[in-house]
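Structure file model34.cif with mmCIF, C-alpha atoms:
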```cif
data_my_file
#
loop_
_atom_site.label_atom_id
_atom_site.label_comp_id
_atom_site.auth_asym_id
_atom_site.auth_seq_id
_atom_site.Cartn_x
_atom_site.Cartn_y
_atom_site.Cartn_z
CA MET A 1 2.97 -14.20 23.45
CA GLY A 2 4.71 -17.52 23.93
CA VAL A 3 5.74 -18.21 20.32
CA ALA A 4 8.87 -16.09 20.57
CA SER A 5 10.60 -13.89 23.10
CA LEU A 6 11.91 -10.36 22.56
CA LYS A 7 14.55 -8.33 24.25
CA LYS A 8 12.86 -5.15 25.33
CA GLU A 9 13.79 -2.36 22.95
CA PRO A 10 15.01 0.85 24.54
CA SER A 11 12.54 3.57 23.65
CA SER A 12 14.02 6.70 22.15
CA SER A 13 12.01 9.91 22.19
CA ALA A 14 13.95 11.38 19.26
CA THR A 15 12.26 11.27 15.86
CA ILE A 16 14.91 11.03 13.09
CA TYR A 17 13.30 13.16 10.39
CA LYS A 18 16.13 12.99 7.85
CA VAL A 19 15.79 9.20 7.73
CA LEU A 20 11.98 9.38 7.61
CA PHE A 21 12.04 11.82 4.70
CA ALA A 22 14.70 9.76 2.90
CA ILE A 23 12.73 6.50 3.16
CA SER A 24 9.52 8.36 2.25
CA PHE A 25 11.21 9.75 -0.87
CA VAL A 26 12.28 6.24 -1.91
CA HIS A 27 8.74 5.04 -1.18
CA LEU A 28 7.55 7.70 -3.63
CA LEU A 29 9.97 6.49 -6.31
CA ASN A 30 9.14 2.81 -5.68
CA ASP A 31 5.38 3.27 -5.85
CA ALA A 32 5.67 5.63 -8.83
CA MET A 33 7.33 2.74 -10.68
CA GLN A 34 4.50 0.44 -9.60
CA ALA A 35 2.03 3.10 -10.74
CA VAL A 36 3.49 2.83 -14.24
CA ILE A 37 1.52 -0.41 -14.63
CA PRO A 38 -2.06 0.94 -14.29
CA ALA A 39 -0.93 4.17 -15.97
CA ILE A 40 0.00 2.27 -19.12
CA PHE A 41 -3.26 0.26 -19.22
CA PRO A 42 -5.05 2.48 -21.77
CA ILE A 43 -1.96 2.30 -24.03
CA LEU A 44 -1.63 -1.49 -23.75
CA GLU A 45 -5.37 -1.98 -24.32
CA LYS A 46 -5.04 -0.34 -27.73
CA SER A 47 -1.51 -1.36 -28.83
CA MET A 48 -1.83 -5.05 -27.81
CA ASN A 49 -5.65 -5.37 -28.06
CA LEU A 50 -5.86 -6.54 -24.44
CA SER A 51 -9.16 -7.30 -22.74
CA PHE A 52 -10.16 -5.98 -19.31
CA ALA A 53 -9.50 -9.48 -17.95
CA GLN A 54 -5.92 -9.41 -19.28
CA LEU A 55 -5.39 -5.97 -17.76
CA GLY A 56 -6.67 -7.40 -14.50
CA TRP A 57 -4.15 -10.25 -14.76
CA ILE A 58 -1.31 -7.75 -15.23
CA ALA A 59 -2.38 -5.88 -12.08
CA PHE A 60 -2.77 -9.23 -10.32
CA SER A 61 0.74 -10.39 -11.31
CA LEU A 62 2.32 -7.21 -9.99
CA ASN A 63 0.45 -7.02 -6.71
CA ILE A 64 0.19 -10.70 -5.84
CA THR A 65 3.96 -11.15 -6.32
CA SER A 66 4.56 -8.22 -4.01
CA SER A 67 1.89 -9.22 -1.52
CA ILE A 68 2.80 -12.88 -1.12
CA MET A 69 6.48 -12.10 -0.71
CA GLN A 70 6.11 -9.13 1.66
CA PRO A 71 5.13 -11.13 4.79
CA ILE A 72 7.79 -13.73 3.92
CA VAL A 73 10.49 -11.07 3.57
CA GLY A 74 9.26 -9.45 6.79
CA TRP A 75 9.26 -12.78 8.65
CA TYR A 76 12.85 -13.41 7.48
CA THR A 77 14.18 -9.95 8.34
CA ASP A 78 12.50 -10.02 11.77
CA ARG A 79 15.05 -12.74 12.54
CA THR A 80 18.02 -11.82 10.35
CA THR A 81 19.84 -8.51 9.96
CA SER A 82 19.68 -7.58 6.27
CA PRO A 83 19.98 -3.76 5.96
CA TYR A 84 21.47 -3.90 2.46
CA LEU A 85 18.58 -5.96 1.13
CA LEU A 86 16.86 -2.63 0.36
CA PRO A 87 19.11 -1.50 -2.55
CA LEU A 88 19.27 -5.08 -3.88
CA GLY A 89 15.46 -5.23 -4.10
CA MET A 90 15.38 -1.91 -5.91
CA ALA A 91 17.76 -3.34 -8.53
CA SER A 92 15.06 -5.93 -9.36
CA SER A 93 12.60 -3.08 -10.00
CA LEU A 94 15.10 -1.38 -12.30
CA ILE A 95 15.37 -4.51 -14.46
CA GLY A 96 11.56 -4.80 -14.51
CA MET A 97 11.22 -1.21 -15.75
CA VAL A 98 13.58 -1.95 -18.66
CA GLY A 99 11.42 -4.98 -19.45
CA ILE A 100 8.21 -2.91 -19.51
CA ALA A 101 9.72 -0.50 -22.02
CA TYR A 102 10.82 -3.24 -24.43
CA SER A 103 8.13 -5.95 -23.98
CA ASN A 104 6.25 -6.73 -27.19
CA ASN A 105 3.70 -9.28 -25.95
CA PHE A 106 1.48 -10.07 -22.99
CA THR A 107 3.83 -12.73 -21.51
CA TYR A 108 6.85 -10.42 -21.37
CA ILE A 109 4.74 -7.73 -19.72
CA LEU A 110 3.77 -10.24 -17.01
CA LEU A 111 7.42 -11.26 -16.41
CA SER A 112 8.47 -7.61 -16.15
CA VAL A 113 5.80 -6.70 -13.64
CA ILE A 114 6.75 -9.74 -11.53
CA LEU A 115 10.30 -8.35 -11.23
CA ILE A 116 8.88 -4.99 -10.15
CA GLY A 117 6.65 -6.82 -7.67
CA LEU A 118 9.63 -8.65 -6.17
CA GLY A 119 11.49 -5.37 -5.71
CA SER A 120 8.47 -3.88 -4.00
CA ALA A 121 8.11 -6.97 -1.78
CA VAL A 122 11.60 -6.36 -0.42
CA PHE A 123 11.18 -2.61 -0.02
CA HIS A 124 7.85 -2.32 1.81
CA PRO A 125 8.40 -4.37 4.99
CA GLU A 126 11.97 -3.13 5.37
CA GLY A 127 10.98 0.46 4.60
CA SER A 128 8.26 0.25 7.25
CA ARG A 129 10.85 -1.10 9.71
CA VAL A 130 13.13 1.86 8.99
CA ALA A 131 10.19 4.22 9.67
CA TYR A 132 9.49 2.40 12.95
CA MET A 133 13.14 2.65 14.00
CA ALA A 134 13.26 6.39 13.21
CA ALA A 135 9.86 7.18 14.78
CA GLY A 136 10.78 7.70 18.42
CA LYS A 137 7.49 8.12 20.27
CA ARG A 138 5.61 9.51 17.24
CA ARG A 139 4.69 6.27 15.50
CA GLY A 140 1.57 7.59 13.82
CA LEU A 141 3.34 10.62 12.39
CA ALA A 142 6.36 8.56 11.30
CA GLN A 143 4.22 5.99 9.51
CA SER A 144 2.27 8.80 7.83
CA ILE A 145 5.47 10.42 6.55
CA TYR A 146 6.60 7.06 5.20
CA GLN A 147 3.25 6.07 3.66
CA VAL A 148 2.54 9.50 2.16
CA GLY A 149 5.58 9.00 -0.06
CA GLY A 150 4.10 5.80 -1.46
CA ASN A 151 0.66 7.28 -1.97
CA THR A 152 2.19 10.30 -3.70
CA GLY A 153 3.97 7.91 -6.07
CA ASN A 154 0.71 6.09 -6.75
CA SER A 155 -1.09 9.36 -7.39
CA LEU A 156 1.31 10.11 -10.25
CA ALA A 157 -0.18 7.31 -12.39
CA PRO A 158 -2.75 9.48 -14.23
CA VAL A 159 -0.14 12.22 -14.70
CA MET A 160 2.19 9.65 -16.24
CA THR A 161 -0.52 8.54 -18.63
CA ALA A 162 -1.32 12.09 -19.73
CA LEU A 163 2.25 13.44 -19.96
CA VAL A 164 4.41 10.37 -20.70
CA PHE A 165 2.51 7.42 -22.17
CA VAL A 166 0.02 9.26 -24.38
CA PRO A 167 2.81 11.12 -26.27
CA PHE A 168 5.62 8.51 -26.02
CA GLY A 169 3.71 5.23 -25.80
CA GLN A 170 4.93 2.13 -23.99
CA PHE A 171 8.64 3.01 -24.44
CA GLY A 172 8.09 5.98 -22.12
CA ALA A 173 8.59 3.51 -19.24
CA ILE A 174 12.35 3.69 -19.89
CA TRP A 175 12.42 7.11 -18.20
CA PHE A 176 11.57 5.48 -14.88
CA THR A 177 14.82 3.52 -14.77
CA SER A 178 16.37 6.78 -13.55
CA SER A 179 13.92 6.68 -10.61
CA ALA A 180 15.17 3.21 -9.69
CA ALA A 181 18.81 4.31 -9.95
CA MET A 182 18.16 7.35 -7.73
CA ALA A 183 16.33 5.15 -5.20
CA ILE A 184 19.29 2.76 -5.01
CA ILE A 185 21.65 5.65 -4.18
CA VAL A 186 19.41 6.93 -1.36
CA LEU A 187 18.90 3.40 -0.02
CA VAL A 188 22.65 2.87 0.34
CA PHE A 189 22.65 5.83 2.78
CA VAL A 190 19.52 4.58 4.59
CA SER A 191 20.96 1.05 4.86
CA GLY A 192 24.10 2.42 6.51
CA TRP A 193 22.00 4.21 9.15
CA TYR A 194 19.82 1.09 9.55
CA ARG A 195 22.91 -1.04 10.20
CA SER A 196 24.17 1.38 12.86
CA ARG A 197 20.86 1.17 14.77
CA LEU A 198 20.52 -2.62 14.90
CA VAL A 199 21.92 -2.83 18.42
CA ASN A 200 18.89 -0.86 19.68
CA PHE A 201 16.37 -2.99 17.78
CA PRO A 202 17.24 -6.67 18.34
CA ARG A 203 15.53 -9.33 16.28
CA VAL A 204 12.99 -11.89 17.46
CA THR A 205 14.84 -14.76 19.14
CA LYS A 206 13.90 -18.43 19.02
CA LYS A 207 14.08 -18.88 22.81
CA PRO A 208 10.72 -19.66 24.38
CA SER A 209 9.26 -16.87 26.46
CA LYS A 210 9.51 -17.22 30.23
CA LYS A 211 5.95 -16.00 30.44
CA ALA A 212 3.30 -18.64 30.00
CA ALA A 213 1.35 -18.33 26.81
CA ASN A 214 -2.18 -17.04 27.25
CA PRO A 215 -4.40 -19.04 24.83
CA LYS A 216 -7.34 -16.65 25.23
CA ARG A 217 -5.17 -13.61 24.50
CA LYS A 218 -3.60 -15.35 21.49
CA LYS A 219 -7.07 -16.04 20.03
CA GLN A 220 -8.12 -12.42 20.62
CA ILE A 221 -5.04 -11.12 18.82
CA ILE A 222 -5.44 -13.53 15.91
CA PHE A 223 -9.08 -12.48 15.53
CA ALA A 224 -8.15 -8.78 15.62
CA VAL A 225 -5.40 -9.22 13.01
CA CYS A 226 -7.70 -11.23 10.70
CA LEU A 227 -10.45 -8.60 11.01
CA LEU A 228 -7.95 -5.82 10.32
CA VAL A 229 -6.73 -7.63 7.20
CA PHE A 230 -10.35 -8.00 6.05
CA LEU A 231 -11.00 -4.26 6.51
CA VAL A 232 -7.87 -3.38 4.55
CA PHE A 233 -8.97 -5.95 1.96
CA ALA A 234 -12.36 -4.20 1.54
CA ARG A 235 -10.70 -0.81 1.29
CA SER A 236 -8.18 -2.18 -1.24
CA TRP A 237 -10.89 -3.65 -3.48
CA TYR A 238 -12.58 -0.28 -3.60
CA PHE A 239 -9.34 1.62 -4.17
CA SER A 240 -8.27 -0.89 -6.86
CA GLY A 241 -11.60 -0.56 -8.66
CA ILE A 242 -11.34 3.23 -8.79
CA SER A 243 -7.63 3.49 -9.68
CA ASN A 244 -7.63 0.71 -12.31
CA PHE A 245 -11.07 0.91 -13.94
CA TYR A 246 -12.75 4.25 -13.23
CA GLN A 247 -10.80 5.85 -16.08
CA PHE A 248 -12.58 3.46 -18.47
CA TYR A 249 -15.91 4.37 -16.85
CA LEU A 250 -15.20 8.05 -17.56
CA ILE A 251 -14.18 7.26 -21.14
CA LYS A 252 -17.09 4.94 -21.99
CA ASP A 253 -19.96 6.45 -19.95
CA TYR A 254 -19.04 10.14 -19.96
CA GLY A 255 -17.26 10.29 -23.32
CA LEU A 256 -13.98 11.71 -22.02
CA SER A 257 -10.63 11.29 -23.76
CA ILE A 258 -7.86 9.16 -22.21
CA ARG A 259 -5.93 12.30 -21.22
CA HIS A 260 -8.95 14.09 -19.71
CA ALA A 261 -10.01 11.04 -17.69
CA GLN A 262 -6.61 10.97 -15.95
CA TYR A 263 -7.22 14.33 -14.26
CA TYR A 264 -10.19 12.91 -12.33
CA ILE A 265 -8.18 9.90 -11.15
CA PHE A 266 -5.35 12.20 -10.12
CA VAL A 267 -7.70 14.25 -7.92
CA PHE A 268 -8.86 11.08 -6.14
CA LEU A 269 -5.31 9.81 -5.60
CA ALA A 270 -3.90 13.21 -4.60
CA ALA A 271 -6.68 13.63 -2.03
CA GLY A 272 -5.70 10.20 -0.72
CA VAL A 273 -2.12 11.45 -0.24
CA LEU A 274 -3.39 14.26 1.98
CA GLY A 275 -5.60 11.83 3.88
CA THR A 276 -2.64 9.51 4.47
CA PHE A 277 -0.51 12.37 5.80
CA PHE A 278 -3.11 13.74 8.22
CA GLY A 279 -4.43 10.35 9.31
CA GLY A 280 -1.39 9.41 11.40
CA PRO A 281 -1.18 12.60 13.51
CA LEU A 282 -4.97 12.59 13.95
CA ALA A 283 -4.84 8.97 15.14
CA ASP A 284 -2.10 9.88 17.65
CA ARG A 285 -4.65 12.30 19.18
CA LEU A 286 -8.04 10.67 18.53
CA GLY A 287 -7.19 6.97 18.63
CA LYS A 288 -6.31 4.45 15.94
CA ARG A 289 -9.50 2.39 16.11
CA ASN A 290 -11.61 5.56 15.91
CA MET A 291 -9.71 6.71 12.84
CA ILE A 292 -10.17 3.36 11.07
CA PHE A 293 -13.91 3.43 11.84
CA TRP A 294 -14.55 6.99 10.62
CA SER A 295 -12.35 6.53 7.58
CA MET A 296 -14.39 3.59 6.30
CA LEU A 297 -17.92 4.61 7.27
CA GLY A 298 -17.29 8.29 6.57
CA SER A 299 -16.44 7.48 2.96
CA ALA A 300 -19.36 5.05 2.46
CA PRO A 301 -22.09 7.64 1.58
CA LEU A 302 -19.81 9.28 -1.00
CA ALA A 303 -18.89 5.91 -2.51
CA LEU A 304 -22.56 4.95 -2.81
CA LEU A 305 -23.37 8.28 -4.48
CA LEU A 306 -20.47 8.35 -6.96
CA PRO A 307 -21.86 6.06 -9.74
CA TYR A 308 -24.99 8.19 -10.15
CA VAL A 309 -23.71 11.79 -10.20
CA SER A 310 -23.12 14.09 -13.16
CA LEU A 311 -19.60 14.89 -14.34
CA ASN A 312 -19.56 18.23 -12.46
CA TRP A 313 -19.91 16.48 -9.10
CA ILE A 314 -17.07 13.97 -9.57
CA TYR A 315 -14.25 16.37 -8.67
CA PRO A 316 -15.67 17.48 -5.29
CA ILE A 317 -16.74 13.93 -4.40
CA PHE A 318 -13.30 12.58 -5.28
CA LEU A 319 -11.62 15.25 -3.13
CA LEU A 320 -13.63 14.25 -0.07
CA LEU A 321 -13.77 10.52 -0.80
CA GLY A 322 -10.03 10.11 -1.40
CA PHE A 323 -9.13 12.12 1.69
CA ILE A 324 -11.51 10.39 4.11
CA LEU A 325 -10.90 6.87 2.82
CA MET A 326 -7.10 7.09 3.10
CA THR A 327 -6.88 8.64 6.59
CA SER A 328 -6.72 5.07 7.91
CA PHE A 329 -3.96 3.91 5.54
CA SER A 330 -0.95 4.40 7.83
CA VAL A 331 -3.06 3.91 10.96
CA THR A 332 -3.87 0.26 10.18
CA VAL A 333 -0.13 -0.50 9.93
CA VAL A 334 0.70 1.07 13.31
CA TYR A 335 -2.33 -0.60 14.92
CA ALA A 336 -1.17 -4.00 13.63
CA GLN A 337 2.42 -3.38 14.77
CA GLU A 338 1.13 -2.79 18.29
CA LEU A 339 -0.99 -5.94 18.15
CA LEU A 340 2.13 -7.98 17.34
CA PRO A 341 5.13 -6.17 18.89
CA GLY A 342 8.51 -7.28 17.60
CA ARG A 343 7.03 -8.54 14.33
CA ILE A 344 7.47 -5.22 12.55
CA GLY A 345 8.54 -6.62 9.18
CA MET A 346 6.05 -9.49 9.06
CA VAL A 347 3.12 -7.35 10.22
CA SER A 348 3.93 -4.55 7.79
CA GLY A 349 4.17 -7.08 4.99
CA LEU A 350 0.89 -8.66 6.05
CA ILE A 351 -1.10 -5.42 6.22
CA VAL A 352 0.42 -3.53 3.30
CA GLY A 353 1.31 -6.59 1.22
CA LEU A 354 -1.03 -9.52 1.66
CA ALA A 355 -4.14 -7.42 2.15
CA PHE A 356 -3.31 -5.41 -0.97
CA GLY A 357 -2.68 -8.68 -2.76
CA MET A 358 -6.29 -9.50 -2.08
CA GLY A 359 -7.03 -6.16 -3.71
CA ALA A 360 -5.04 -7.42 -6.70
CA LEU A 361 -7.25 -10.49 -6.83
CA GLY A 362 -10.10 -8.00 -6.91
CA SER A 363 -8.57 -6.48 -10.06
CA VAL A 364 -8.87 -9.82 -11.85
CA ILE A 365 -12.43 -10.44 -10.66
CA LEU A 366 -13.51 -6.87 -11.44
CA GLY A 367 -11.86 -7.07 -14.87
CA ASN A 368 -13.79 -10.24 -15.70
CA LEU A 369 -17.02 -8.70 -14.42
CA ALA A 370 -16.42 -5.62 -16.57
CA ASP A 371 -16.02 -7.86 -19.64
CA ALA A 372 -19.13 -9.87 -18.75
CA PHE A 373 -21.38 -6.96 -17.75
CA SER A 374 -20.03 -3.39 -17.88
CA VAL A 375 -17.67 -0.99 -16.14
CA HIS A 376 -20.75 0.77 -14.73
CA PHE A 377 -21.79 -2.49 -13.08
CA ILE A 378 -18.49 -2.86 -11.18
CA MET A 379 -18.59 0.80 -10.10
CA VAL A 380 -21.97 0.17 -8.47
CA LEU A 381 -20.76 -3.11 -6.96
CA ILE A 382 -17.64 -1.73 -5.27
CA SER A 383 -19.54 1.27 -3.89
CA PHE A 384 -20.83 -1.02 -1.09
CA PHE A 385 -17.37 -2.11 0.14
CA PRO A 386 -16.64 0.81 2.54
CA ILE A 387 -19.74 -0.19 4.54
CA ALA A 388 -17.58 -3.03 5.93
CA GLY A 389 -16.07 -0.39 8.22
CA ILE A 390 -18.91 -0.98 10.69
CA LEU A 391 -17.02 -4.13 11.73
CA THR A 392 -14.34 -1.88 13.28
CA PHE A 393 -16.43 -1.97 16.47
CA LEU A 394 -15.24 -5.57 16.91
CA LEU A 395 -11.58 -4.47 17.12
CA PRO A 396 -10.09 -3.99 20.61
CA GLN A 397 -9.75 -0.40 21.80
CA ASP A 398 -6.36 1.31 21.71
CA GLN A 399 -5.89 1.07 25.49
CA THR A 400 -6.51 -2.67 25.35
CA VAL A 401 -3.95 -3.12 22.56
CA LYS A 402 -1.39 -1.12 24.59
CA ALA A 403 -1.96 -3.41 27.57
CA TRP A 404 -1.49 -6.50 25.38
CA GLU A 405 1.70 -4.97 23.97
CA GLN A 406 3.15 -4.59 27.47
CA GLU A 407 2.25 -8.21 28.27
CA ALA A 408 4.15 -9.46 25.23
CA ILE A 409 7.48 -7.73 25.93
#
```
Let me see the file written as structure tokens.
Amino acid sequence: MGVASLKKEPSSSATIYKVLFAISFVHLLNDAMQAVIPAIFPILEKSMNLSFAQLGWIAFSLNITSSIMQPIVGWYTDRTTSPYLLPLGMASSLIGMVGIAYSNNFTYILLSVILIGLGSAVFHPEGSRVAYMAAGKRRGLAQSIYQVGGNTGNSLAPVMTALVFVPFGQFGAIWFTSSAAMAIIVLVFVSGWYRSRLVNFPRVTKKPSKKAANPKRKKQIIFAVCLLVFLVFARSWYFSGISNFYQFYLIKDYGLSIRHAQYYIFVFLAAGVLGTFFGGPLADRLGKRNMIFWSMLGSAPLALLLPYVSLNWIYPIFLLLGFILMTSFSVTVVYAQELLPGRIGMVSGLIVGLAFGMGALGSVILGNLADAFSVHFIMVLISFFPIAGILTFLLPQDQTVKAWEQEAI
């Protein structure tokens, strides 16, 4: 595209499943540790007398640290070979988990979640790169395998609350240091494979491209990337509102216990895991832009209905809503990677990191709105966000993106 030149990567048709499953397993462990934070919210609210706004700031500190650093880490590793950065980042998460278990005030909790966020910032762009390198020609499937691990880890949050934090309290977080240790061991193996494959996946060079830059094409790509980030941002605000605050809605408006409320959140998150897994293969067949469109608009009627239904309807709505909404999760990453070929780390960090960081900002805003008005108010407010999916029509079609990709390499 004129800003950097790439050596054309040899395409390999082989999909390396053992590496995909290994990096997906670590993604599960990494995101399960991140899920400890919202899982412990009901415990911290009572033990430390925290407000919804303070809980929002904790979520913000975790996700904004991760999100701001992810594109930076990706930008750096697009240019520099750093395969063993993966286990080093996980060590930061291990220290953060120890901090969560022993923190006795709001400030120490914030410092601990920042360490977890830094570990996640290193893992996500590099983990996505590993999935890309192991994908062969099945990019949608490979990204789904990788992302389904993370979404499975996130879905464990309500289970953790019910089975770990309700009986053991805040100190229960110490059990998750074993998850970090296990992840480090697996990442040492993955990093060795990663290092052996670097010759087939050269980094972005600083030499100017021999092809003249196309200003019109550059503007089209920038617009498409910005719109894609906005769509992920809208989806993230909705997902953040449900995963962080819907449990309080169930407790305060429906009279459920902390433990009982977690089962409803788990159904939503578990359905999202299935949606993430099936979204990639479906997009390989039906098209990435189509999948993003139907994922957002298909979930909009259910989201609009959710705040007004009786308790009996929440389970079936959550099953459908979580599945449909998350079918575009891995697809947006692959779509962005094809918009900006060769920028695998930076793009993955931008889509998964920065856009989700905007979702973290949503946690703070929604927390303050819940304090000022009510949890019911924010549930109604966020129900309109999936309607933003109608803007998907402004994204270029898959065939157009493929043509741009060939121009750039």
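Taking only C-alpha atoms into account, A:Phe52 lies nearest to A:Val364 out of the set A:Val148, A:Val113, A:Leu286, A:Val364.
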Review point. So how many Å separate atom CA of A:Ile16 and atom CA of A:Gly127, to one decimal?
Key: 14.1 Å
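Those residues returned by the PyMOL selection byres ((chain A and resi 133-142) around 7) for this file are Ser11, Ser12, Ser13, Ala14, Thr15, Ile16, Val19, Leu20, Arg129, Val130, Ala131, Tyr132, Gln143, Ser144, Ile145, Tyr146, Gly280, Pro281, Ala283, Asp284, Val331 and Val334 of chain A.
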Check your understanding: Which polymer residues have any atom within 12 Å of an atom of A:Pro316, counting all atoms listed in the file, with same-chain residues fewer than 3 positions away left out, as number ranges by chain?
Key -> A: 264, 267-268, 271, 302, 306, 309-313, 319-323
Study note, to complete from the structure: atom CA of A:Pro87 to atom CA of A:Ile351 measures 22.4 Å
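In this model, the gap between atom CA of A:Pro301 and atom CA of A:Gly275 comes to 17.2 Å.
Among the candidate residues A:Tyr249, A:Trp175, A:Phe393, A:Tyr308, the one lying nearest to A:Arg289 is A:Phe393, with distances computed using only C-alpha atoms.
With all atoms listed in the file as the atoms that count, the residue of A:Gln147, A:Asn30, A:Gln54, A:Thr392 with the shortest distance to A:Leu228 is A:Thr392.
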A:Val164 surroundings by all atoms listed in the file, 10 Å radius, close-in-sequence under 5 positions cut, as a PDB file with C-alpha atoms, in the coordinates of the input:
```pdb
ATOM      1  CA  VAL A  36       3.490   2.830 -14.240  1.00  0.00           C
ATOM      2  CA  ALA A  39      -0.930   4.170 -15.970  1.00  0.00           C
ATOM      3  CA  ILE A  40       0.000   2.270 -19.120  1.00  0.00           C
ATOM      4  CA  ALA A 157      -0.180   7.310 -12.390  1.00  0.00           C
ATOM      5  CA  PRO A 158      -2.750   9.480 -14.230  1.00  0.00           C
ATOM      6  CA  VAL A 159      -0.140  12.220 -14.700  1.00  0.00           C
ATOM      7  CA  GLY A 169       3.710   5.230 -25.800  1.00  0.00           C
ATOM      8  CA  GLN A 170       4.930   2.130 -23.990  1.00  0.00           C
ATOM      9  CA  PHE A 171       8.640   3.010 -24.440  1.00  0.00           C
ATOM     10  CA  GLY A 172       8.090   5.980 -22.120  1.00  0.00           C
ATOM     11  CA  ALA A 173       8.590   3.510 -19.240  1.00  0.00           C
ATOM     12  CA  TRP A 175      12.420   7.110 -18.200  1.00  0.00           C
TER      13      TRP A 175
END
```
**Study point:** Selection result for the PyMOL selection byres ((chain A and resi 177-182) around 7) on this file, as a PyMOL selection string
**Key:** chain A and resi 29+90+93-94+97-98+174-176+183-186
Could the residues in this selection be written to a file with C-alpha atoms, as an mmCIF file, in the coordinates of the input?
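Writing the result to part_9.cif gives the following:
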```
data_model
loop_
_atom_site.group_PDB
_atom_site.id
_atom_site.type_symbol
_atom_site.label_atom_id
_atom_site.label_comp_id
_atom_site.auth_asym_id
_atom_site.auth_seq_id
_atom_site.Cartn_x
_atom_site.Cartn_y
_atom_site.Cartn_z
ATOM 1 C CA LEU A 29 9.970 6.490 -6.310
ATOM 2 C CA MET A 90 15.380 -1.910 -5.910
ATOM 3 C CA SER A 93 12.600 -3.080 -10.000
ATOM 4 C CA LEU A 94 15.100 -1.380 -12.300
ATOM 5 C CA MET A 97 11.220 -1.210 -15.750
ATOM 6 C CA VAL A 98 13.580 -1.950 -18.660
ATOM 7 C CA ILE A 174 12.350 3.690 -19.890
ATOM 8 C CA TRP A 175 12.420 7.110 -18.200
ATOM 9 C CA PHE A 176 11.570 5.480 -14.880
ATOM 10 C CA ALA A 183 16.330 5.150 -5.200
ATOM 11 C CA ILE A 184 19.290 2.760 -5.010
ATOM 12 C CA ILE A 185 21.650 5.650 -4.180
ATOM 13 C CA VAL A 186 19.410 6.930 -1.360
#
```
Point to revise | Residue with smallest distance to A:Pro341 - pool A:Asp78, A:Asp253, A:Asp398, A:Glu126, counting all atoms listed in the file | key: A:Asp78
Exercise for review: Apply the PyMOL selection byres ((chain A and resi 85) around 12) to the displayed file and report the matching residues as a count of residues only.
Suggested key: 34
Practice item. Please provide as a ChimeraX atom specification all residues within 9 Å of A:Leu55, with the sequence filter that same-chain residues fewer than 5 positions apart are discarded (counting only C-alpha atoms). Key: /A:38,41,44-45,50,60,244,363-364,367
Write out the residues from the selection above, keeping C-alpha atoms, as an mmCIF file, in the frame of the given file.
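out21.cif, freshly written:
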```cif
data_model
loop_
_atom_site.group_PDB
_atom_site.id
_atom_site.type_symbol
_atom_site.label_atom_id
_atom_site.label_comp_id
_atom_site.auth_asym_id
_atom_site.auth_seq_id
_atom_site.Cartn_x
_atom_site.Cartn_y
_atom_site.Cartn_z
ATOM 1 C CA PRO A 38 -2.060 0.940 -14.290
ATOM 2 C CA PHE A 41 -3.260 0.260 -19.220
ATOM 3 C CA LEU A 44 -1.630 -1.490 -23.750
ATOM 4 C CA GLU A 45 -5.370 -1.980 -24.320
ATOM 5 C CA LEU A 50 -5.860 -6.540 -24.440
ATOM 6 C CA PHE A 60 -2.770 -9.230 -10.320
ATOM 7 C CA ASN A 244 -7.630 0.710 -12.310
ATOM 8 C CA SER A 363 -8.570 -6.480 -10.060
ATOM 9 C CA VAL A 364 -8.870 -9.820 -11.850
ATOM 10 C CA GLY A 367 -11.860 -7.070 -14.870
#
```
Check your understanding: For A:Thr152, which residue among A:Gln399, A:Gln337, A:Thr276, A:Ser299 is the nearest when counting all atoms listed in the file?
Key -> A:Thr276
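Minimum atom-to-atom distance to A:Lys219, evaluated using all atoms listed in the file, belongs to A:Leu339 out of A:Arg197, A:Met346, A:Ala270, A:Leu339.
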Practice item. Pick out the residues sitting within 12 Å of A:Ile258, and hand them over as a PyMOL selection string; count all atoms listed in the file, and ignore anything fewer than 4 positions along from it in its own chain. Key: chain A and resi 39-43+45-46+158-163+165-167+246-252+254+262-265
Would you place a box with edges along x, y and z of the file around all atoms of stretch 322-337 of chain A listed there, add 3 Å to each of its six sides, and report the centre and edge lengths in Å to one decimal, as AutoDock Vina command-line options?
```
--center_x -4.5 --center_y 4.1 --center_z 6.8 --size_x 19.9 --size_y 22.1 --size_z 22.3
```
Point to revise | Long-range neighbours of A:Gly241 as a ChimeraX atom specification, 12 Å cut-off, only C-alpha atoms, 4 positions minimum in chain | key: /A:38,56,59,234-237,245-249,265,303,359-367,369-370,375-385
